[in-house]
Structure formats: structure tokens, C-alpha cells
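A.B. asks: See work_14.tsv below, with TSV, C-alpha atoms.
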```
chain	number	residue	atom	x	y	z
A	1	MET	CA	-8.07	185.18	109.68
A	2	LYS	CA	-6.60	187.26	112.51
A	3	PHE	CA	-2.95	188.07	113.21
A	4	GLU	CA	-3.28	186.05	116.41
A	5	GLN	CA	-3.56	182.94	114.23
A	6	TYR	CA	-0.29	183.59	112.37
A	7	TYR	CA	2.84	181.67	113.23
A	8	ILE	CA	4.73	184.79	114.26
A	9	SER	CA	6.35	185.88	117.51
A	10	ALA	CA	4.12	186.68	120.49
A	11	ASP	CA	6.07	189.95	120.86
A	12	ILE	CA	5.13	191.03	117.35
A	13	LYS	CA	1.50	190.04	117.97
A	14	LYS	CA	1.58	192.28	121.05
A	15	ASN	CA	2.93	195.15	118.95
A	16	LEU	CA	0.24	194.59	116.33
A	17	ARG	CA	-2.47	194.82	118.99
A	18	GLN	CA	-0.97	198.03	120.36
A	19	MET	CA	-0.86	199.52	116.87
A	20	GLY	CA	-4.49	198.58	116.21
A	21	PHE	CA	-3.83	195.80	113.66
A	22	LYS	CA	-6.34	192.97	114.06
A	23	ARG	CA	-6.78	191.36	110.67
A	24	PRO	CA	-4.40	191.36	107.70
A	25	THR	CA	-5.28	193.28	104.58
A	26	ASP	CA	-5.42	191.40	101.27
A	27	ILE	CA	-1.79	192.15	100.39
A	28	GLN	CA	-0.64	191.18	103.88
A	29	PHE	CA	-2.65	187.95	103.83
A	30	LYS	CA	-1.18	186.95	100.46
A	31	THR	CA	2.48	187.95	100.99
A	32	ILE	CA	3.35	187.22	104.63
A	33	PRO	CA	3.38	183.39	104.29
A	34	SER	CA	5.60	183.52	101.16
A	35	ILE	CA	8.05	185.92	102.80
A	36	LEU	CA	8.19	183.80	105.96
A	37	ASN	CA	8.98	180.81	103.70
A	38	GLY	CA	11.97	182.67	102.25
A	39	GLU	CA	10.54	183.05	98.74
A	40	ASP	CA	11.31	185.99	96.45
A	41	VAL	CA	8.19	188.11	95.99
A	42	LEU	CA	6.97	190.71	93.49
A	43	ALA	CA	3.93	192.34	95.10
A	44	ILE	CA	1.65	194.89	93.45
A	45	ALA	CA	-1.09	196.61	95.42
A	46	GLN	CA	-2.84	199.97	95.60
A	47	THR	CA	-1.64	202.72	97.88
A	48	GLY	CA	-3.05	202.59	101.38
A	49	THR	CA	-3.46	198.80	101.45
A	50	GLY	CA	-0.79	198.05	104.05
A	51	LYS	CA	2.20	197.15	101.88
A	52	THR	CA	4.76	198.27	104.47
A	53	ALA	CA	3.43	195.96	107.17
A	54	ALA	CA	3.19	193.19	104.57
A	55	PHE	CA	6.98	192.94	104.45
A	56	ALA	CA	7.82	194.44	107.86
A	57	ILE	CA	5.98	191.77	109.89
A	58	PRO	CA	7.71	188.71	108.36
A	59	VAL	CA	11.13	190.39	108.04
A	60	ILE	CA	11.16	191.40	111.71
A	61	ASP	CA	9.83	188.01	112.80
A	62	LYS	CA	12.52	186.06	110.92
A	63	ILE	CA	15.36	188.14	112.41
A	64	HIS	CA	13.82	188.10	115.91
A	65	ARG	CA	13.61	184.28	115.88
A	66	PHE	CA	17.19	183.97	114.64
A	67	LYS	CA	18.74	186.18	117.34
A	68	THR	CA	19.50	185.02	120.86
A	69	SER	CA	20.06	188.52	122.26
A	70	LYS	CA	19.68	192.18	121.27
A	71	ARG	CA	23.31	192.28	120.19
A	72	SER	CA	23.64	192.82	116.45
A	73	TYR	CA	26.09	190.90	114.26
A	74	GLY	CA	25.65	193.00	111.16
A	75	ILE	CA	22.84	194.24	108.96
A	76	LYS	CA	20.52	191.40	107.94
A	77	CYS	CA	17.99	193.34	105.87
A	78	ILE	CA	18.15	196.46	103.68
A	79	ILE	CA	14.99	198.29	102.59
A	80	MET	CA	15.71	200.70	99.73
A	81	VAL	CA	13.22	203.52	99.16
A	82	PRO	CA	13.19	206.46	96.73
A	83	THR	CA	12.51	209.44	99.06
A	84	ARG	CA	13.36	210.67	102.54
A	85	GLU	CA	9.73	211.04	103.53
A	86	LEU	CA	9.01	207.45	102.58
A	87	ALA	CA	12.11	206.27	104.47
A	88	LEU	CA	10.93	208.03	107.61
A	89	GLN	CA	7.41	206.67	107.24
A	90	ILE	CA	8.61	203.09	106.80
A	91	GLY	CA	11.07	203.53	109.65
A	92	HIS	CA	8.19	204.59	111.89
A	93	VAL	CA	6.25	201.40	111.05
A	94	PHE	CA	9.30	199.20	111.60
A	95	LYS	CA	10.05	200.85	114.93
A	96	GLY	CA	6.53	200.17	116.14
A	97	LEU	CA	6.53	196.55	115.00
A	98	ALA	CA	10.02	195.85	116.37
A	99	GLN	CA	9.49	197.13	119.92
A	100	HIS	CA	9.67	194.38	122.56
A	101	THR	CA	11.69	192.26	120.10
A	102	LYS	CA	15.45	191.68	119.75
A	103	VAL	CA	15.47	193.49	116.40
A	104	LYS	CA	17.19	196.88	116.01
A	105	THR	CA	16.08	199.09	113.11
A	106	PHE	CA	17.51	202.34	111.75
A	107	THR	CA	16.42	204.84	109.10
A	108	LEU	CA	19.14	206.42	106.95
A	109	HIS	CA	18.69	209.34	104.55
A	110	GLY	CA	20.44	212.43	103.29
A	111	GLY	CA	19.88	216.05	104.22
A	112	ILE	CA	21.33	215.78	107.72
A	113	GLU	CA	24.82	215.35	109.23
A	114	GLN	CA	26.38	211.91	109.04
A	115	GLU	CA	28.03	211.72	112.47
A	116	HIS	CA	25.00	210.52	114.43
A	117	GLN	CA	24.05	208.11	111.64
A	118	ILE	CA	27.54	206.61	111.54
A	119	ALA	CA	27.58	206.18	115.32
A	120	LYS	CA	24.20	204.45	115.26
A	121	ILE	CA	25.25	202.03	112.52
A	122	GLN	CA	28.53	201.23	114.24
A	123	ASP	CA	26.62	200.54	117.44
A	124	GLY	CA	24.93	197.69	115.58
A	125	ILE	CA	21.64	197.38	113.68
A	126	ASP	CA	19.72	194.52	112.09
A	127	ILE	CA	17.46	196.34	109.61
A	128	LEU	CA	18.45	199.37	107.56
A	129	ILE	CA	15.79	201.52	105.85
A	130	ALA	CA	17.65	203.80	103.45
A	131	THR	CA	17.60	206.12	100.47
A	132	PRO	CA	20.24	205.12	97.88
A	133	GLY	CA	22.40	208.25	97.95
A	134	ARG	CA	23.32	208.27	101.63
A	135	MET	CA	23.48	204.48	101.79
A	136	PHE	CA	26.06	204.17	99.00
A	137	ASP	CA	27.97	207.11	100.48
A	138	LEU	CA	28.41	205.22	103.76
A	139	ILE	CA	29.11	201.94	101.96
A	140	ASN	CA	31.97	203.68	100.14
A	141	GLN	CA	33.24	204.99	103.50
A	142	ASP	CA	33.26	201.38	104.80
A	143	VAL	CA	30.70	202.34	107.46
A	144	ILE	CA	28.01	200.02	106.09
A	145	GLU	CA	28.84	196.37	105.48
A	146	VAL	CA	26.46	194.24	103.44
A	147	LYS	CA	28.18	190.86	103.79
A	148	ASN	CA	25.55	189.59	106.26
A	149	VAL	CA	22.48	190.83	104.36
A	150	THR	CA	20.00	188.02	103.69
A	151	THR	CA	16.97	190.11	102.65
A	152	LEU	CA	16.71	193.03	100.21
A	153	VAL	CA	13.44	194.96	99.94
A	154	LEU	CA	12.78	197.45	97.13
A	155	ASP	CA	9.76	199.55	98.05
A	156	GLU	CA	7.96	201.78	95.53
A	157	ALA	CA	9.97	200.05	92.81
A	158	ASP	CA	8.18	201.97	90.06
A	159	HIS	CA	9.19	205.30	91.59
A	160	MET	CA	12.76	204.02	92.02
A	161	LEU	CA	12.86	203.54	88.26
A	162	ASP	CA	11.33	206.98	87.61
A	163	LEU	CA	14.10	208.59	89.65
A	164	GLY	CA	16.84	206.69	87.83
A	165	PHE	CA	17.85	204.30	90.60
A	166	ILE	CA	17.93	201.22	88.37
A	167	GLU	CA	21.74	201.06	88.33
A	168	ASP	CA	21.82	201.44	92.11
A	169	ILE	CA	19.43	198.49	92.43
A	170	LYS	CA	21.59	196.33	90.18
A	171	TYR	CA	24.75	197.44	92.00
A	172	ILE	CA	23.51	196.57	95.49
A	173	LYS	CA	22.36	193.19	94.20
A	174	LYS	CA	25.88	192.47	92.92
A	175	MET	CA	27.34	193.46	96.28
A	176	LEU	CA	25.28	190.86	98.15
A	177	LYS	CA	27.48	187.79	98.07
A	178	ARG	CA	25.34	185.60	100.32
A	179	ALA	CA	22.19	183.87	99.15
A	180	HIS	CA	19.42	186.31	99.86
A	181	GLN	CA	15.71	186.94	99.52
A	182	THR	CA	14.52	189.80	97.29
A	183	LEU	CA	11.16	191.52	97.75
A	184	PHE	CA	9.76	194.00	95.21
A	185	PHE	CA	6.80	196.12	96.33
A	186	SER	CA	5.05	198.63	94.10
A	187	ALA	CA	1.69	200.33	93.62
A	188	THR	CA	1.85	200.14	89.83
A	189	ILE	CA	3.27	197.66	87.34
A	190	ASN	CA	4.49	198.05	83.77
A	191	ASP	CA	6.78	196.19	81.39
A	192	GLU	CA	9.87	197.98	82.68
A	193	ILE	CA	9.10	197.04	86.28
A	194	LYS	CA	8.49	193.43	85.28
A	195	LYS	CA	11.76	193.30	83.34
A	196	LEU	CA	13.75	194.73	86.24
A	197	ALA	CA	12.03	192.61	88.87
A	198	TYR	CA	12.43	189.30	87.05
A	199	SER	CA	16.06	190.06	86.25
A	200	GLN	CA	16.81	190.49	89.96
A	201	VAL	CA	14.75	187.74	91.61
A	202	LYS	CA	14.88	183.95	91.54
A	203	SER	CA	13.11	182.23	88.66
A	204	GLU	CA	10.56	180.72	91.05
A	205	ALA	CA	9.65	184.10	92.54
A	206	ILE	CA	6.05	184.57	93.63
A	207	ARG	CA	4.05	187.32	91.91
A	208	ILE	CA	1.17	188.69	93.96
A	209	GLN	CA	-1.18	191.31	92.55
A	210	VAL	CA	-4.12	192.75	94.48
A	211	SER	CA	-6.92	194.56	92.59
A	212	PRO	CA	-4.85	194.88	89.40
A	213	LYS	CA	-7.77	196.12	87.29
A	214	ASP	CA	-8.60	199.05	89.58
A	215	ARG	CA	-5.62	201.22	90.36
A	216	ILE	CA	-7.56	203.31	92.87
A	217	SER	CA	-8.86	202.08	96.21
A	218	LYS	CA	-12.62	201.69	96.51
A	219	ASN	CA	-12.34	203.74	99.70
A	220	ILE	CA	-11.56	206.85	97.63
A	221	SER	CA	-14.21	208.91	95.82
A	222	HIS	CA	-12.46	211.13	93.30
A	223	PHE	CA	-13.74	213.95	91.11
A	224	VAL	CA	-12.59	216.64	88.74
A	225	MET	CA	-13.76	220.26	88.46
A	226	PHE	CA	-13.12	222.35	85.37
A	227	VAL	CA	-11.79	225.58	86.82
A	228	GLU	CA	-10.10	228.52	85.16
A	229	LEU	CA	-6.47	228.82	86.20
A	230	ASP	CA	-6.99	232.20	87.87
A	231	ASP	CA	-10.00	230.89	89.82
A	232	LYS	CA	-8.22	228.00	91.50
A	233	ARG	CA	-7.15	229.94	94.57
A	234	PHE	CA	-10.70	231.16	95.21
A	235	PHE	CA	-12.10	227.65	95.03
A	236	LEU	CA	-9.36	226.40	97.35
A	237	GLU	CA	-9.97	229.23	99.83
A	238	ARG	CA	-13.68	228.47	99.99
A	239	PHE	CA	-13.09	224.73	100.32
A	240	LEU	CA	-10.63	225.19	103.19
A	241	ASN	CA	-13.01	227.56	104.96
A	242	ASP	CA	-15.86	225.09	104.55
A	243	HIS	CA	-13.80	222.28	106.10
A	244	PRO	CA	-12.15	223.94	109.12
A	245	GLU	CA	-11.64	220.71	111.08
A	246	ASP	CA	-10.42	218.40	108.30
A	247	LYS	CA	-6.89	217.37	107.39
A	248	ILE	CA	-6.27	218.23	103.75
A	249	ILE	CA	-3.31	217.71	101.41
A	250	VAL	CA	-3.09	220.09	98.46
A	251	PHE	CA	-0.85	218.95	95.60
A	252	VAL	CA	0.81	221.40	93.23
A	253	ARG	CA	3.20	220.92	90.34
A	254	THR	CA	6.23	222.99	91.37
A	255	LYS	CA	8.11	224.22	94.43
A	256	VAL	CA	7.45	227.86	93.52
A	257	ARG	CA	3.76	227.10	93.11
A	258	ALA	CA	3.66	225.52	96.58
A	259	GLU	CA	4.98	228.69	98.22
A	260	ARG	CA	2.62	230.91	96.22
A	261	VAL	CA	-0.42	228.87	97.24
A	262	VAL	CA	0.58	228.98	100.93
A	263	LYS	CA	1.08	232.75	100.80
A	264	ALA	CA	-2.22	233.26	98.94
A	265	MET	CA	-4.10	231.32	101.62
A	266	GLN	CA	-2.30	233.13	104.43
A	267	ARG	CA	-3.27	236.49	102.92
A	268	VAL	CA	-6.95	235.56	103.35
A	269	GLY	CA	-6.47	234.54	106.97
A	270	LEU	CA	-5.74	230.80	106.70
A	271	GLU	CA	-2.75	230.40	109.01
A	272	ASN	CA	-2.56	226.68	109.83
A	273	ILE	CA	-1.12	225.80	106.42
A	274	MET	CA	2.43	224.68	105.57
A	275	SER	CA	4.36	223.50	102.52
A	276	ILE	CA	6.72	220.61	101.85
A	277	HIS	CA	8.94	220.31	98.78
A	278	GLY	CA	12.47	219.66	97.59
A	279	ASP	CA	13.82	223.15	98.32
A	280	LYS	CA	13.06	222.73	102.03
A	281	ASP	CA	15.94	221.39	104.12
A	282	GLN	CA	15.35	218.13	105.95
A	283	GLN	CA	14.62	219.80	109.28
A	284	GLU	CA	11.93	221.98	107.70
A	285	ARG	CA	10.40	218.98	105.94
A	286	ASN	CA	10.37	216.99	109.18
A	287	GLN	CA	8.78	219.88	111.06
A	288	ALA	CA	6.04	220.24	108.45
A	289	MET	CA	5.26	216.52	108.56
A	290	GLN	CA	5.23	216.48	112.35
A	291	ALA	CA	2.94	219.51	112.50
A	292	PHE	CA	0.56	217.92	110.01
A	293	ARG	CA	0.64	214.60	111.81
A	294	SER	CA	-0.10	216.20	115.19
A	295	GLY	CA	-2.82	218.49	113.84
A	296	ALA	CA	-0.94	221.72	114.56
A	297	CYS	CA	-1.09	222.20	110.79
A	298	ARG	CA	-4.24	220.92	109.08
A	299	VAL	CA	-3.42	221.82	105.47
A	300	LEU	CA	-0.23	220.63	103.79
A	301	VAL	CA	0.68	221.98	100.35
A	302	ALA	CA	3.02	219.50	98.66
A	303	THR	CA	4.80	218.66	95.46
A	304	ASP	CA	5.06	215.09	94.19
A	305	VAL	CA	8.08	214.49	96.44
A	306	SER	CA	5.45	213.79	99.10
A	307	ALA	CA	2.92	211.91	97.00
A	308	ARG	CA	4.26	208.53	98.02
A	309	GLY	CA	4.58	207.09	101.45
A	310	ILE	CA	2.80	209.76	103.48
A	311	ASP	CA	0.66	207.72	105.82
A	312	ILE	CA	-0.98	210.33	108.02
A	313	PRO	CA	-4.08	209.16	109.87
A	314	ASP	CA	-7.41	210.72	108.96
A	315	VAL	CA	-6.53	212.76	105.86
A	316	GLN	CA	-10.09	213.47	104.76
A	317	PHE	CA	-9.38	215.25	101.46
A	318	VAL	CA	-6.77	215.48	98.75
A	319	ILE	CA	-6.95	218.48	96.42
A	320	ASN	CA	-5.06	218.35	93.14
A	321	TYR	CA	-4.61	222.10	92.74
A	322	ASP	CA	-2.56	221.24	89.64
A	323	LEU	CA	-2.93	217.98	87.76
A	324	PRO	CA	0.26	215.89	87.80
A	325	GLU	CA	2.32	215.66	84.63
A	326	LYS	CA	2.88	211.93	85.21
A	327	GLU	CA	-0.42	210.09	85.28
A	328	GLU	CA	0.93	207.51	87.77
A	329	ASN	CA	1.31	210.29	90.32
A	330	TYR	CA	-2.44	210.86	90.27
A	331	VAL	CA	-2.89	207.42	91.85
A	332	HIS	CA	-0.21	208.07	94.45
A	333	ARG	CA	-1.46	211.55	95.28
A	334	ILE	CA	-5.06	210.63	95.92
A	335	GLY	CA	-3.88	207.52	97.74
A	336	ARG	CA	-2.93	209.78	100.67
A	337	THR	CA	-6.59	209.63	101.70
A	338	GLY	CA	-8.86	206.62	102.10
A	339	ARG	CA	-6.08	204.60	103.70
A	340	GLY	CA	-6.71	201.31	105.47
A	341	MET	CA	-10.39	201.08	106.32
A	342	ASN	CA	-11.00	204.84	106.15
A	343	LYS	CA	-12.98	206.61	103.44
A	344	GLY	CA	-11.56	209.60	101.63
A	345	GLU	CA	-12.32	212.06	98.84
A	346	ALA	CA	-10.12	213.69	96.22
A	347	ILE	CA	-10.92	216.66	94.00
A	348	SER	CA	-8.86	217.83	91.03
A	349	PHE	CA	-8.95	221.37	89.64
A	350	CYS	CA	-8.52	221.15	85.87
A	351	SER	CA	-7.90	224.25	83.75
A	352	ASP	CA	-8.14	224.33	79.95
A	353	ASP	CA	-4.38	223.81	79.66
A	354	GLU	CA	-4.60	220.64	81.75
A	355	LYS	CA	-7.28	218.77	79.82
A	356	GLU	CA	-4.68	216.67	78.01
A	357	LEU	CA	-3.20	215.69	81.40
A	358	LEU	CA	-6.68	214.70	82.56
A	359	GLN	CA	-7.14	212.51	79.49
A	360	ASN	CA	-3.81	210.81	80.18
A	361	ILE	CA	-4.93	210.11	83.75
A	362	GLN	CA	-8.23	208.64	82.58
A	363	ASP	CA	-6.42	206.44	80.07
A	364	PHE	CA	-4.09	205.25	82.83
A	365	ILE	CA	-6.82	204.38	85.34
A	366	GLN	CA	-8.98	203.05	82.49
A	367	LYS	CA	-12.11	204.94	83.47
A	368	PRO	CA	-13.39	208.53	83.37
A	369	VAL	CA	-13.07	210.72	86.44
A	370	GLU	CA	-16.47	211.85	87.65
A	371	VAL	CA	-17.11	215.53	86.94
A	372	LEU	CA	-18.19	218.16	89.44
A	373	LYS	CA	-19.90	220.75	87.28
A	374	VAL	CA	-20.11	224.45	88.08
A	375	SER	CA	-23.67	225.46	87.21
A	376	LYS	CA	-24.91	228.84	85.99
A	377	LYS	CA	-25.76	229.71	89.58
A	378	GLY	CA	-22.17	229.08	90.53
A	379	TYR	CA	-22.79	225.90	92.50
A	380	ALA	CA	-20.60	222.83	92.16
A	381	GLU	CA	-22.72	219.84	91.26
A	382	VAL	CA	-21.89	216.25	90.43
A	383	VAL	CA	-22.79	215.42	86.85
A	384	LYS	CA	-23.69	211.91	88.02
A	385	PRO	CA	-25.19	211.77	91.53
A	386	SER	CA	-22.56	210.60	94.00
A	387	VAL	CA	-21.36	210.94	97.60
A	388	ASN	CA	-21.01	213.77	100.08
A	389	VAL	CA	-18.75	215.90	97.92
A	390	ALA	CA	-21.74	217.30	96.06
A	391	GLN	CA	-23.22	218.64	99.30
A	392	ASP	CA	-19.86	219.78	100.63
A	393	LEU	CA	-19.15	221.77	97.50
A	394	ARG	CA	-22.51	223.54	97.26
A	395	ALA	CA	-20.98	226.27	99.38
A	396	MET	CA	-18.13	226.65	96.92
A	397	ILE	CA	-19.63	229.48	94.90
A	398	LEU	CA	-17.94	231.34	92.11
A	399	GLY	CA	-19.11	234.49	93.82
A	400	THR	CA	-16.14	234.06	96.14
A	401	ARG	CA	-14.03	235.65	93.48
A	402	ASP	CA	-16.40	238.62	93.26
A	403	GLU	CA	-16.39	238.93	97.05
A	404	ALA	CA	-12.61	239.12	97.02
A	405	LYS	CA	-12.68	241.77	94.30
A	406	ASN	CA	-15.28	243.80	96.22
A	407	LYS	CA	-13.17	243.66	99.35
A	408	GLY	CA	-10.25	244.96	97.36
A	409	LYS	CA	-12.35	247.79	95.94
A	410	SER	CA	-13.67	248.85	99.35
A	411	LYS	CA	-10.15	248.93	100.77
A	412	HIS	CA	-9.03	251.01	97.79
A	413	LYS	CA	-11.86	253.53	98.39
A	414	LYS	CA	-10.82	253.89	102.02
```
What is this file in C-alpha cells?
C.D. replies:
Amino acid sequence: MKFEQYYISADIKKNLRQMGFKRPTDIQFKTIPSILNGEDVLAIAQTGTGKTAAFAIPVIDKIHRFKTSKRSYGIKCIIMVPTRELALQIGHVFKGLAQHTKVKTFTLHGGIEQEHQIAKIQDGIDILIATPGRMFDLINQDVIEVKNVTTLVLDEADHMLDLGFIEDIKYIKKMLKRAHQTLFFSATINDEIKKLAYSQVKSEAIRIQVSPKDRISKNISHFVMFVELDDKRFFLERFLNDHPEDKIIVFVRTKVRAERVVKAMQRVGLENIMSIHGDKDQQERNQAMQAFRSGACRVLVATDVSARGIDIPDVQFVINYDLPEKEENYVHRIGRTGRGMNKGEAISFCSDDEKELLQNIQDFIQKPVEVLKVSKKGYAEVVKPSVNVAQDLRAMILGTRDEAKNKGKSKHKK
């Protein structure tokens, strides 16, 4: 089935064509009709499967059909998201899908001055994409009114719970006095998510789950390498040098670690590399994302603040420089590649201290992660024959570390 066959506005179909959407993904195919029918929905699907468009298309269409002009009579839909980066990403999708329609969208988040945001809201909007902190701040200032809201979307619901937003979710639900539709979207599901979701939706809510047994997209080939902690930077240096044209996201565990990795790579001549983490102000984070999106920066070193919602075209590789402490974040990290119809590869560096984290990840995804083994000759080889990574990593030789040491010695002699 193609989008052209859907009973949605011709303007939205035009936008879909311009954005390159021809056929719905599985999650879009299964959720759009239910959302258009006004049903509450709990949708679970892997990262990179098109969840944002799954709720954006019907939400925009319903508001567009209802309106007779571009004039706004109050916010009709609120999309709550856990992080600023995810808010901006979703806002970008909504903006693209809402062009040529009567629907006005706006993205609200913290980290920047309120004046422009307040002016934009007071000018009139239909759809608000927001992080909880800034949204409740402006609600308390009587800038945001929710009396006309008829749809509430909770995206990345599992991450919302992780960050302690459960009370905020319950509070906004209590504030919505009108009958409204509630949509829960998440990449993972557990008992806590189920309990929260079913306590906040209608009893006849539709539950839609795509590929529940495999948490990782089939488009992603993922591997682990057992690497000594002190060797990680040498392996990363060689990998980046061997892939000079590829977009790569490198995930680390802490903000300090992110800066150290960037500086270590810059010391060996890798300049087009930037970091993004919670200690960066919003302008710096936006600049890093824009540079990575445009290709001005091809390597982005990130903490888990960026693991969700980054939808950058053509990210060929994800490197887990450090394994995540929360096993769910492994799924979200590597889900930054292999998005849509694209293929992607992810490689994790695992030191001795991280083997317990690796076991937790394998228990969570319910299968072992394929091992790239460093042979006696120093080559990285796949224990079980697999895809291109084996060939790509044959150049990643442990001798890199010796080369670096020799360079240091020769400089010292001079």
C-alpha cells in the first residue's frame, strides 16, 4: 500500500512525496488508521522504523481537516519528549509534514531564552512539541493553555520513565479537561511501561507491537571487540582513518570522557570531530548537530543524551567506545544507524571491566553479540563469518599502538 492510497489530505501527500516517503513502514501501516479513527494507541517498535511519522501524519491530517484557515484557536495537540535533541528532531519532521497545510507547529525546550518562545506561542500554534521542564514552566506562567488539547502524544515513553517524568505525565493528563486521545510510543516495553500506559489510556486502547522478539533492526549488523581499556583510542583512531568519508557516531559513558576522546583524536590529526553532551549549552549542541547533519563534521562523540531521536541521514557506523550502563541504551545507541531502508553497522569496544555490562546487554536482546576477534597477527576477524565489517577491520592492527609509541620515541630523540 502506498501513501497515495490513504485517506489523508492531498497537501500532506504532497509533503510526503517531497520528503521521499512512498510506502508506510510496518509501524506506520498499523498505527495510522487507528489514530485517524481517534483511538488511544500504545505502539512499540524498534528505533529507526518511522515512529515519528506514524503519529505525525494522522495528527496533522486531523487538525488540517478541522481548520478552515491558518488562524489558530489554541493548542490542539501536545507531544511530550524526554530530551531537547529529540524535541528538535520531531519538530523537524512535523515542520516538513505540515508545510502547505493550515497546521502551525512549534518546538519548545529549555536551554534558551523564553521571550521568542512566548511570542511564538501567543501568536497561535496548533501542535506543541515540548520537553516537560520548559512546558510546565510556561503553563505556570499562564502562557500555555491546554483547555483545547484533544491529543496527547508521549514519545520515547520508556525514556520518560527513566528520567523520572512519570509524575509530569500524570499531571498533564489531569490538566486535560476535554475528552482527548492519548498515544504512547516507545522502542522498548516492560511491566512499568505497560502499567503507566494502561493507567493513562482508555480501556479499549489499541496495542500495536512491531518485531517484539527482536529489539534490533535487521538493517543493523552489530559486533563486539574485546579491547584493553588503554587500547581503545588506538583502535578508534585507525577505524576513523580507514573510513574517511563515512558519518560515524561514537558513544561514550560520561561528559568528561567525550571531551577526552575528541582531544585524543584531534592530537593525531583528526579535526572534523565534535562532541555533544549535557555540559554543552543549547547553542553548542545545536551547532554540533547541524555540523554533523551537513557533513561539516563527520564524527560525533556523544553521551546517552543523544542516543535517542537522532535521525541523521546516512550514519554508516556507530562505535560504542564505552558500553552503556543501561542495557536498553545499547538498542537506542546502535539504532542511530540502519535507519529506514538503510543498512548500518555497530561495533562495541569491550574491556575486561565491561564484560558484565556486555552480558546484561546480551540478556536484554536475548541473543549473543557476534565477536570480532583480534588474532595473534593483530587483525580483527569475525569469529563467525559475517558482513563487510570483517574486511573493513582488517586494517585495524594492534601495531597502531606501537606506531604511536615509536613516533613518540623519535620525537623525544630529536
A.B. asks: Need the shell around stretch 178-192 of chain A: protein/DNA/RNA residues with any atom at most 6 Å away, counting only C-alpha atoms. Skip same-chain ones fewer than 4 positions apart. Format as a PyMOL selection string?
C.D. replies: chain A and resi 40-47+150-157
A.B. asks: Measuring atom to atom with all atoms listed in the file, identify which of A:Ile35, A:Ile365, A:Pro82, A:His100 is nearest to A:Asp11.
C.D. replies: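 Closest to A:Asp11 of all the choices is A:His100.
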A.B. asks: Identify which of the residues A:Leu358, A:Met135, A:Val299, A:Ile273 lies closest to A:Met80, counting all atoms listed in the file when measuring atom-to-atom distances.
C.D. replies: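 Closest candidate: A:Met135.
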A.B. asks: Between A:Lys147, A:His222, A:Arg65, A:Arg333, which has the minimum distance to A:Lys174 (counting only C-alpha atoms)?
C.D. replies: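 Selected residue with least distance to A:Lys174: A:Lys147.
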A.B. asks: Rank nothing, just name the residue among A:Ala302, A:Met225, A:Met19, A:Ile118 nearest to A:Val143, using all atoms listed in the file.
C.D. replies: A:Ile118
A.B. asks: What residues have an atom no more than 12 Å from (-1.9, 185.2, 113.7) in the file's own frame, counting all atoms listed in the file, and can you write them as an NGL selection string?
C.D. replies: :A and (1-14 or 16-17 or 21-24 or 28-29 or 32-33 or 57-58)
A.B. asks: Taking the point (-0.3, 221.1, 87.7) as given in the file, collect each protein or nucleic acid residue that comes within 9 Å of it, counting only C-alpha atoms, and present the set as a VMD selection string.
C.D. replies: chain A and resid 251 to 254 320 to 325 349 to 350 354 357
A.B. asks: Could you state the separation of atom CA of A:Lys95 and atom CA of A:Ser72 in Å, given to one decimal place?
C.D. replies: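 Rounded to one decimal, the two atoms are 15.9 Å apart.
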A.B. asks: Work out how far atom CA of A:Lys194 is from atom CA of A:Asp304, in Å to one decimal.
C.D. replies: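 Between atom CA of A:Asp304 and atom CA of A:Lys194 the gap works out to 23.7 Å.
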A.B. asks: Could you tell me how far atom CA of A:Glu328 sits from atom CA of A:Leu196, in Å to one decimal place?
C.D. replies: 18.2 Å
A.B. asks: Do you know which residues are at most 8 Å from A:Phe226 counting only C-alpha atoms, after dropping those on the same chain fewer than 6 positions away, and could you put them as a ChimeraX atom specification?
C.D. replies: /A:349-352,372-374
A.B. asks: Given all atoms listed in the file as the basis, pick out the residue of A:Gln141, A:Thr337, A:Thr83, A:Gln89 nearest to A:Ala53.
C.D. replies: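 The closest residue to A:Ala53 is A:Gln89.
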A.B. asks: When you look at A:Asn148 with a cut-off of 6 Å (counting only C-alpha atoms), what residues show up, excluding the ones that are within fewer than 2 positions of it in the same chain? I need them as JSON, numbers by chain.
C.D. replies: {"A": [74, 76, 146]}
A.B. asks: Export, as a compact mmCIF listing (two decimals), in the frame of the given file, the selected residues with C-alpha atoms.
C.D. replies:
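The result, written out as result25.txt:
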```
# COMPACT_ATOMS: atom_id res chain seq x y z
CA GLY A 74 25.65 193.00 111.16
CA LYS A 76 20.52 191.40 107.94
CA VAL A 146 26.46 194.24 103.44
```
A.B. asks: Measuring between only C-alpha atoms, which one of A:Ser348, A:Asp279, A:Met274, A:Ile334 shows the shortest distance to A:Lys232?
C.D. replies: A:Ser348
